[in-house]
Amino acid sequence: MIGSPETIRRRLREFEAAHVDQVILLNQTGRTPHEDICSSLELFAREVMPEFHAREAEHQRWKSAVLGGRLVLERADTSAHKVYAHQNEDIVRLTPEELKQKMAAKEAARAEGGCPA
């Protein structure tokens, strides 16, 4: 995930709605300077994590009910979904500043009803 705190929150809410409770986010890629990595982690901790942390107790109750057999999940048809991996080459090809500019332009276009993220 690349983007503003709101973009990251929006995507993580989608995972949360599907009851995904663990994600791995890597930010040590390409030519990203150490200071930018630390700044990104601090921004994530300050602007994104609190929203999800606030709902953790509720999620743990749901998870306990599922694992304890007190809540049975409806079987979902997943046949239309494909599993794939994609490496965003921009992460390693662009400088950190170029990547920031590209992502800002993409978010602006999305906000105006342009390209989806």
# chains A, B, ... in the order shown; residues from 1 in each chain; ligands from 1

call {"tool": "select_by_dssp", "arguments": {"residues": "chain A", "states": "alpha helix (DSSP H)", "output": "PyMOL selection string"}}
result
chain A and resi 5-17+34-47+49-53+56-67+90-93+96-111

call {"tool": "residues_around", "arguments": {"residues": "range 54-57 of chain A", "least_positions_apart": "6", "cutoff": "10 Å", "atoms": "only C-alpha atoms", "output": "PDB file with N, CA, C and O atoms, in the first residue's frame"}}
result
ATOM      1  N   GLU A  16     -10.200  -5.211   7.122  1.00  0.00           N
ATOM      2  CA  GLU A  16     -10.867  -5.383   8.409  1.00  0.00           C
ATOM      3  C   GLU A  16     -12.300  -5.888   8.217  1.00  0.00           C
ATOM      4  O   GLU A  16     -12.757  -6.776   8.938  1.00  0.00           O
ATOM      5  N   ASP A  21      -6.964 -10.072   9.986  1.00  0.00           N
ATOM      6  CA  ASP A  21      -6.476  -9.429  11.203  1.00  0.00           C
ATOM      7  C   ASP A  21      -4.958  -9.342  11.282  1.00  0.00           C
ATOM      8  O   ASP A  21      -4.411  -8.930  12.295  1.00  0.00           O
ATOM      9  N   LYS A  63     -13.360 -12.919  17.006  1.00  0.00           N
ATOM     10  CA  LYS A  63     -12.446 -14.007  16.684  1.00  0.00           C
ATOM     11  C   LYS A  63     -12.598 -15.163  17.672  1.00  0.00           C
ATOM     12  O   LYS A  63     -12.619 -16.334  17.279  1.00  0.00           O
TER      13      LYS A  63
END
